[in-house]
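Coordinates from run-v9.cif are shown below (mmCIF, C-alpha atoms).
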```
data_input
#
loop_
_atom_site.label_atom_id
_atom_site.label_comp_id
_atom_site.auth_asym_id
_atom_site.auth_seq_id
_atom_site.Cartn_x
_atom_site.Cartn_y
_atom_site.Cartn_z
CA MET S 22 8.94 -22.24 254.82
CA ILE S 23 5.90 -22.96 252.65
CA ASP S 24 8.17 -23.81 249.71
CA GLU S 25 10.22 -26.19 251.87
CA SER S 26 7.15 -28.05 253.12
CA LYS S 27 5.88 -28.30 249.52
CA SER S 28 9.17 -29.74 248.29
CA ASN S 29 9.22 -32.19 251.23
CA ARG S 30 5.72 -33.35 250.33
CA LYS S 31 6.77 -33.78 246.71
CA LYS S 32 9.80 -35.86 247.77
CA THR S 33 7.63 -38.05 249.99
CA LYS S 34 5.17 -38.53 247.12
CA VAL S 35 7.98 -39.51 244.72
CA PHE S 36 9.38 -41.97 247.29
CA LEU S 37 5.95 -43.50 247.89
CA THR S 38 5.36 -43.81 244.13
CA ILE S 39 8.71 -45.63 243.72
CA VAL S 40 7.84 -47.98 246.60
CA GLN S 41 4.39 -48.65 245.10
CA LYS S 42 5.95 -49.35 241.69
CA PHE S 43 8.32 -51.88 243.19
CA GLU S 44 5.41 -53.44 245.09
CA SER S 45 3.39 -53.67 241.88
CA MET S 46 6.41 -55.30 240.17
CA ASN S 47 6.31 -57.91 242.94
CA ILE S 48 10.01 -57.52 243.74
CA GLU S 49 11.03 -58.46 247.26
CA ILE S 50 13.43 -56.43 249.35
CA GLU S 51 15.95 -59.31 249.33
CA THR S 52 16.02 -59.24 245.54
CA LEU S 53 16.66 -55.50 245.56
CA LEU S 54 19.46 -55.96 248.08
CA LEU S 55 20.94 -58.75 245.93
CA LEU S 56 20.74 -56.47 242.90
CA ALA S 57 22.51 -53.67 244.80
CA ILE S 58 25.32 -55.91 246.10
CA ALA S 59 25.75 -57.60 242.71
CA GLY S 60 25.85 -54.18 241.04
CA VAL S 61 28.58 -52.95 243.40
CA ALA S 62 30.52 -56.19 242.80
CA ALA S 63 30.32 -55.80 239.01
CA LEU S 64 31.27 -52.11 239.17
CA SER S 65 34.26 -52.71 241.43
CA SER S 66 35.44 -55.50 239.10
CA LEU S 67 35.15 -52.99 236.23
CA ALA S 68 37.24 -50.58 238.32
CA VAL S 69 39.96 -53.27 238.58
CA LEU S 70 40.14 -53.30 234.79
CA LEU S 71 40.06 -49.53 234.38
CA THR S 72 42.41 -48.36 237.13
CA ARG S 73 46.07 -48.06 236.17
CA ASP S 74 47.52 -48.32 239.67
CA ASN S 75 48.04 -51.88 240.91
CA PHE S 76 47.42 -50.84 244.51
CA TYR S 77 43.95 -49.49 243.75
CA ALA S 78 43.27 -52.50 241.52
CA SER S 79 43.98 -54.85 244.45
CA MET S 80 41.75 -52.75 246.73
CA PHE S 81 38.89 -52.94 244.21
CA MET S 82 39.50 -56.68 243.84
CA SER S 83 39.16 -57.11 247.62
CA ALA S 84 35.94 -55.07 247.54
CA THR S 85 34.56 -57.35 244.78
CA LEU S 86 35.35 -60.46 246.82
CA VAL S 87 33.77 -58.97 249.97
CA MET S 88 30.63 -58.26 247.92
CA VAL S 89 30.60 -61.86 246.63
CA ALA S 90 30.92 -63.02 250.25
CA GLY S 91 28.13 -60.59 251.14
CA ILE S 92 25.81 -62.36 248.70
CA TYR S 93 26.55 -65.63 250.53
CA ALA S 94 25.63 -63.89 253.81
CA LEU S 95 22.42 -62.64 252.17
CA PHE S 96 21.43 -66.25 251.47
CA ASN S 97 22.21 -67.17 255.09
CA LEU S 98 25.39 -69.10 254.22
CA GLN S 99 27.59 -67.71 256.97
CA PRO S 100 30.26 -70.48 256.93
CA VAL S 101 31.15 -69.72 253.29
CA PHE S 102 31.08 -65.98 254.03
CA VAL S 103 33.59 -66.50 256.86
CA LEU S 104 35.80 -68.74 254.67
CA ILE S 105 35.89 -66.24 251.78
CA VAL S 106 36.42 -63.17 253.98
CA PHE S 107 39.02 -64.78 256.27
CA ILE S 108 41.02 -66.87 253.79
CA PHE S 109 40.47 -65.23 250.42
CA VAL S 110 40.25 -61.56 251.37
CA GLY S 111 41.94 -61.70 254.79
CA ALA S 112 44.97 -63.73 253.78
CA ILE S 113 45.47 -63.84 250.01
CA GLY S 114 43.89 -60.44 249.37
CA ILE S 115 46.01 -58.68 251.99
CA VAL S 116 49.20 -60.31 250.64
CA THR S 117 48.22 -59.13 247.15
CA ILE S 118 47.61 -55.59 248.44
CA ALA S 119 50.98 -55.65 250.22
CA LEU S 120 52.71 -56.86 247.03
CA ALA S 121 50.91 -54.24 244.94
CA ALA S 122 51.93 -51.54 247.41
CA THR S 123 55.56 -52.75 247.28
CA TYR S 124 55.73 -52.87 243.48
CA ARG S 125 53.69 -49.72 243.03
CA PHE S 126 53.93 -48.29 239.55
CA ALA S 127 51.47 -47.34 236.87
CA PRO S 128 51.89 -49.50 233.78
CA GLU S 129 50.27 -48.58 230.52
CA ARG S 130 46.99 -50.22 229.70
CA GLN S 131 47.04 -52.64 226.79
CA ILE S 132 43.32 -52.99 226.35
CA SER S 133 41.20 -50.69 224.21
CA VAL S 134 38.22 -48.93 225.84
CA LEU S 135 36.20 -49.88 222.75
CA TRP S 136 36.05 -53.42 224.13
CA SER S 137 33.63 -52.24 226.84
CA LEU S 138 30.76 -51.96 224.33
CA PRO S 139 30.78 -55.65 223.22
CA VAL S 140 31.25 -56.64 226.87
CA ILE S 141 28.13 -54.73 227.94
CA ILE S 142 26.12 -56.11 224.99
CA THR S 143 27.22 -59.70 225.72
CA ALA S 144 26.44 -59.37 229.45
CA PHE S 145 23.02 -57.89 228.63
CA ILE S 146 22.18 -60.66 226.12
CA LEU S 147 23.28 -63.33 228.59
CA GLY S 148 21.36 -61.79 231.50
CA TYR S 149 18.24 -61.35 229.39
CA SER S 150 18.39 -64.88 227.93
CA VAL S 151 18.78 -66.34 231.42
CA HIS S 152 15.87 -64.19 232.61
CA ILE S 153 13.48 -65.21 229.82
CA SER S 154 14.46 -68.88 229.85
CA ASN S 155 12.00 -69.48 232.73
CA LEU S 156 14.51 -70.97 235.09
CA ALA S 157 12.85 -73.36 237.47
CA SER S 158 12.67 -71.73 240.87
CA LEU S 159 14.99 -73.58 243.20
CA GLU S 160 14.14 -74.39 246.77
CA LYS S 161 15.10 -72.07 249.61
CA ILE S 162 18.70 -72.61 250.71
CA GLN S 163 18.80 -74.63 253.91
CA PHE S 164 22.37 -75.34 254.92
CA ALA S 165 23.52 -76.42 258.37
CA LEU S 166 27.23 -76.74 259.16
CA GLN S 167 26.51 -79.53 261.66
CA LYS S 168 25.28 -81.80 258.88
CA PHE S 169 28.43 -81.15 256.87
CA ILE S 170 30.88 -82.24 259.59
CA THR S 171 31.21 -85.91 258.67
CA PRO S 172 34.41 -88.04 258.77
CA GLU S 173 34.65 -87.99 254.94
CA TYR S 174 34.62 -84.20 254.70
CA LEU S 175 36.98 -83.83 257.67
CA LEU S 176 39.42 -86.17 255.88
CA LEU S 177 39.07 -84.05 252.74
CA ILE S 178 39.90 -80.87 254.71
CA LEU S 179 42.88 -82.64 256.29
CA PHE S 180 44.22 -83.69 252.85
CA LEU S 181 43.75 -80.17 251.47
CA THR S 182 45.60 -78.67 254.43
CA ALA S 183 48.42 -81.18 253.85
CA LEU S 184 48.47 -80.14 250.18
CA ILE S 185 48.86 -76.46 251.08
CA ILE S 186 51.68 -77.26 253.57
CA LEU S 187 53.48 -79.39 250.94
CA LEU S 188 53.16 -76.61 248.37
CA MET S 189 54.57 -74.06 250.79
CA LEU S 190 57.42 -76.39 251.81
CA SER S 191 58.41 -76.91 248.16
CA VAL S 192 58.37 -73.14 247.57
CA LEU S 193 60.53 -72.63 250.68
CA LYS S 194 62.95 -75.32 249.50
CA MET S 195 63.20 -73.64 246.10
CA GLY S 196 64.05 -70.32 247.75
CA ILE S 197 66.63 -71.86 250.09
CA GLU S 198 68.33 -73.70 247.18
CA LYS S 199 68.61 -70.45 245.23
CA GLU S 200 70.10 -68.66 248.24
CA GLU S 201 72.66 -71.47 248.66
CA GLY S 202 73.48 -71.38 244.93
CA ARG S 203 74.23 -67.65 245.16
CA SER S 204 76.46 -67.97 248.21
CA MET V 14 15.39 -68.86 245.09
CA GLN V 15 13.47 -67.07 242.34
CA GLY V 16 14.32 -66.96 238.65
CA ILE V 17 15.23 -63.25 238.82
CA GLU V 18 17.70 -63.91 241.65
CA LEU V 19 19.29 -66.71 239.63
CA SER V 20 19.65 -64.46 236.60
CA ILE V 21 21.21 -61.67 238.72
CA ILE V 22 23.73 -64.13 240.19
CA TYR V 23 24.68 -65.68 236.83
CA ALA V 24 24.89 -62.33 234.99
CA THR V 25 27.09 -60.79 237.73
CA SER V 26 29.26 -63.89 237.86
CA PHE V 27 29.71 -63.72 234.09
CA ALA V 28 30.51 -59.98 234.26
CA ILE V 29 33.15 -60.49 236.99
CA LEU V 30 34.67 -63.42 235.06
CA LEU V 31 34.84 -61.33 231.90
CA MET V 32 36.50 -58.46 233.76
CA GLY V 33 39.00 -60.99 235.14
CA TYR V 34 39.77 -62.27 231.62
CA PHE V 35 40.22 -58.76 230.25
CA THR V 36 42.44 -57.78 233.17
CA ALA V 37 44.53 -60.94 232.59
CA ILE V 38 45.00 -60.34 228.87
CA SER V 39 45.75 -56.66 229.39
CA SER V 40 48.20 -57.18 232.25
CA LYS V 41 51.78 -56.15 231.72
CA ASP V 42 53.04 -57.20 235.14
CA LEU V 43 52.56 -60.27 237.31
CA ILE V 44 50.75 -58.44 240.14
CA ARG V 45 47.94 -57.49 237.76
CA LEU V 46 47.83 -61.12 236.62
CA LEU V 47 47.47 -62.24 240.25
CA ILE V 48 44.63 -59.76 240.79
CA ALA V 49 42.92 -61.02 237.62
CA LEU V 50 43.14 -64.64 238.81
CA GLU V 51 41.61 -63.74 242.17
CA LEU V 52 38.76 -61.96 240.38
CA MET V 53 38.11 -65.07 238.28
CA PHE V 54 37.99 -67.22 241.41
CA GLY V 55 35.53 -64.72 242.88
CA ALA V 56 33.29 -65.30 239.86
CA VAL V 57 33.55 -69.06 240.40
CA PHE V 58 32.46 -68.66 244.05
CA MET V 59 29.50 -66.60 242.95
CA SER V 60 28.33 -69.16 240.40
CA LEU V 61 28.35 -71.79 243.17
CA ILE V 62 25.52 -70.11 245.12
CA PRO V 63 22.57 -71.75 243.25
CA LEU V 64 24.08 -75.20 243.88
CA PHE V 65 23.50 -74.67 247.63
CA SER V 66 19.80 -74.69 246.93
CA ALA V 67 19.84 -78.20 245.46
CA LEU V 68 22.82 -79.96 247.08
CA SER V 69 23.94 -77.87 250.03
CA ASN V 70 26.50 -80.28 251.51
CA ALA V 71 28.13 -81.09 248.16
CA ALA V 72 28.19 -77.39 247.30
CA PHE V 73 29.94 -76.57 250.58
CA GLY V 74 32.45 -79.35 249.85
CA ILE V 75 33.09 -77.91 246.38
CA ALA V 76 33.45 -74.41 247.90
CA ILE V 77 36.05 -75.67 250.40
CA ILE V 78 38.01 -77.49 247.64
CA THR V 79 37.90 -74.35 245.47
CA ILE V 80 39.06 -72.12 248.35
CA PHE V 81 41.96 -74.43 249.23
CA THR V 82 43.14 -75.08 245.68
CA SER V 83 42.83 -71.45 244.61
CA SER V 84 44.62 -70.28 247.75
CA GLY V 85 47.44 -72.78 247.08
CA GLU V 86 47.66 -71.67 243.47
CA LEU V 87 47.74 -68.00 244.36
CA LEU V 88 50.33 -68.53 247.09
CA VAL V 89 52.58 -70.31 244.58
CA LEU V 90 52.09 -67.41 242.15
CA ILE V 91 53.04 -64.94 244.91
CA ALA V 92 56.19 -66.98 245.60
CA ALA V 93 56.91 -67.03 241.85
CA ILE V 94 56.57 -63.22 241.69
CA VAL V 95 59.06 -62.78 244.54
CA THR V 96 61.46 -65.32 242.96
CA MET V 97 61.20 -63.63 239.56
CA ASP V 98 61.92 -60.25 241.09
CA ARG V 99 65.05 -61.69 242.68
CA GLU V 100 66.20 -63.28 239.42
CA ARG V 101 65.24 -60.69 236.80
CA LYS V 102 64.92 -57.53 238.91
CA ASN V 103 61.50 -56.88 237.38
CA ILE V 104 58.03 -58.42 237.33
CA TYR V 105 56.94 -57.70 233.76
CA THR V 106 55.10 -60.45 231.92
CA SER V 107 57.22 -59.70 228.87
CA SER V 108 60.23 -61.03 230.83
CA VAL V 109 58.62 -64.48 231.05
CA THR V 110 60.17 -66.32 228.15
CA ILE V 111 59.30 -69.93 229.05
CA GLY V 112 55.94 -71.44 228.12
CA GLY V 113 53.00 -70.02 226.19
CA ASP V 114 52.72 -69.14 222.54
CA LYS V 115 54.78 -66.54 220.81
CA LEU V 116 52.57 -64.07 218.98
#
```

Take the structure in the file and write it out as structure tokens.
Amino acid sequence: MIDESKSNRKKTKVFLTIVQKFESMNIEIETLLLLAIAGVAALSSLAVLLTRDNFYASMFMSATLVMVAGIYALFNLQPVFVLIVFIFVGAIGIVTIALAATYRFAPERQISVLWSLPVIITAFILGYSVHISNLASLEKIQFALQKFITPEYLLLILFLTALIILLMLSVLKMGIEKEEGRS
Amino acid sequence: MQGIELSIIYATSFAILLMGYFTAISSKDLIRLLIALELMFGAVFMSLIPLFSALSNAAFGIAIITIFTSSGELLVLIAAIVTMDRERKNIYTSSVTIGGDKL
């Protein structure tokens, strides 16, 4: 019992020391959360590269995109979060997962694991150079969807929807022509 | 948005983009290529976040254009995968003989 209480005290002390260190480093909780989400996103993208099964690769890809959307939510940009999660992950991502599950086989990897070292070095150099370049602090993000809904942007969305429908129609036509050619 | 947050966003975006490139060049089948493209678009979305701080409306417009065009592109690639499977009975990138450089 005495040992348990001692170890609990030690754990509490260690936790408090970590909290105090972060406080002394002047890092806000939002920054830590951003770091955690970004870290998970980078790791799941690495998992896409390393896994041999296409099904798991597509699952990790969806996780990466959800994390990217999560960063948007962290900055209070809910409309973009909804767009990415619904369209990109919900529609395209699910179709990709379904395709990967249909054509499920484990191809050999072409890439050498030795490439990971220059990748880590390059990412570190880039991150460090961006960090020390004294980037001017930008203003706090203030986005309101109501301000965005203007006739110009609505017209743009209408044109883009028409583009998607045209693309899909041409793909359908291509498929129908091939079916007719066979028969 | 602080400088450290900006650096985290840019470094992660770069890392995801790099992973996408490596996945694309190491892919032997078209499904892996599709996954790599989606990863690269994810990196593009991430690098857009700082723009919301300066020009929020324009950034949202760019995000919508990117989502629509990338979705269209990926849907066409999905259709191409299905068509190729019908024609060639496989989805290996080595079966694609039209376009690109021969190494």

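Distances from V:Met53, V:Leu43, V:Ile94, V:Ala24 to chain S were compared using all atoms listed in the file, and the smallest one belongs to V:Ala24.
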
*Run through the PyMOL selection byres ((chain V and resi 72) around 12) on the given coordinates and return the selected residues as an NGL selection string.*
(:S and (98 or 101 or 162-164 or 166 or 169 or 174)) or (:V and (58-71 or 73-79))

*Compute the set of chain V residues within 8 Å of chain S, using all atoms listed in the file, and express it as number ranges by chain.*
V: 14-25, 27-29, 31-33, 35-36, 38-42, 44-45, 47-48, 51-52, 55, 58-59, 62-63, 65-67, 69-70, 73-74, 76-78, 80-82, 84-85, 87-89, 91-92, 96

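In this model, the gap between atom CA of S:Thr72 and atom CA of S:Phe102 comes to 26.9 Å.
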
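A straight line drawn from atom CA of V:Tyr34 to atom CA of V:Ala49 is 6.9 Å long.
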
Would you mind putting N, CA, C and O atoms back on stretch 72-85 of chain V and writing the result as a compact mmCIF listing (two decimals), in the coordinates of the input?
```txt
# COMPACT_ATOMS: atom_id res chain seq x y z
N ALA V 72 27.77 -78.73 247.71
CA ALA V 72 28.19 -77.39 247.30
C ALA V 72 29.21 -76.82 248.28
O ALA V 72 30.18 -76.18 247.87
N PHE V 73 28.99 -77.06 249.58
CA PHE V 73 29.94 -76.57 250.58
C PHE V 73 31.29 -77.28 250.42
O PHE V 73 32.35 -76.66 250.54
N GLY V 74 31.22 -78.59 250.11
CA GLY V 74 32.45 -79.35 249.85
C GLY V 74 33.21 -78.77 248.66
O GLY V 74 34.43 -78.56 248.72
N ILE V 75 32.47 -78.49 247.59
CA ILE V 75 33.09 -77.91 246.38
C ILE V 75 33.69 -76.54 246.71
O ILE V 75 34.79 -76.20 246.27
N ALA V 76 32.95 -75.75 247.53
CA ALA V 76 33.45 -74.41 247.90
C ALA V 76 34.76 -74.53 248.68
O ALA V 76 35.71 -73.78 248.43
N ILE V 77 34.82 -75.50 249.60
CA ILE V 77 36.05 -75.67 250.40
C ILE V 77 37.22 -76.09 249.49
O ILE V 77 38.32 -75.54 249.59
N ILE V 78 36.95 -77.05 248.57
CA ILE V 78 38.01 -77.49 247.64
C ILE V 78 38.49 -76.31 246.81
O ILE V 78 39.69 -76.10 246.62
N THR V 79 37.52 -75.51 246.30
CA THR V 79 37.90 -74.35 245.47
C THR V 79 38.73 -73.36 246.27
O THR V 79 39.73 -72.84 245.77
N ILE V 80 38.32 -73.09 247.52
CA ILE V 80 39.06 -72.12 248.35
C ILE V 80 40.48 -72.61 248.60
O ILE V 80 41.45 -71.87 248.43
N PHE V 81 40.62 -73.89 248.94
CA PHE V 81 41.96 -74.43 249.23
C PHE V 81 42.85 -74.44 247.99
O PHE V 81 44.00 -74.00 248.04
N THR V 82 42.31 -74.97 246.89
CA THR V 82 43.14 -75.08 245.68
C THR V 82 43.51 -73.70 245.13
O THR V 82 44.66 -73.47 244.75
N SER V 83 42.53 -72.79 245.13
CA SER V 83 42.83 -71.45 244.61
C SER V 83 43.82 -70.73 245.51
O SER V 83 44.72 -70.04 245.03
N SER V 84 43.67 -70.92 246.83
CA SER V 84 44.62 -70.28 247.75
C SER V 84 46.03 -70.83 247.52
O SER V 84 47.00 -70.06 247.48
N GLY V 85 46.13 -72.17 247.35
CA GLY V 85 47.44 -72.78 247.08
C GLY V 85 48.05 -72.25 245.80
O GLY V 85 49.23 -71.87 245.75
```
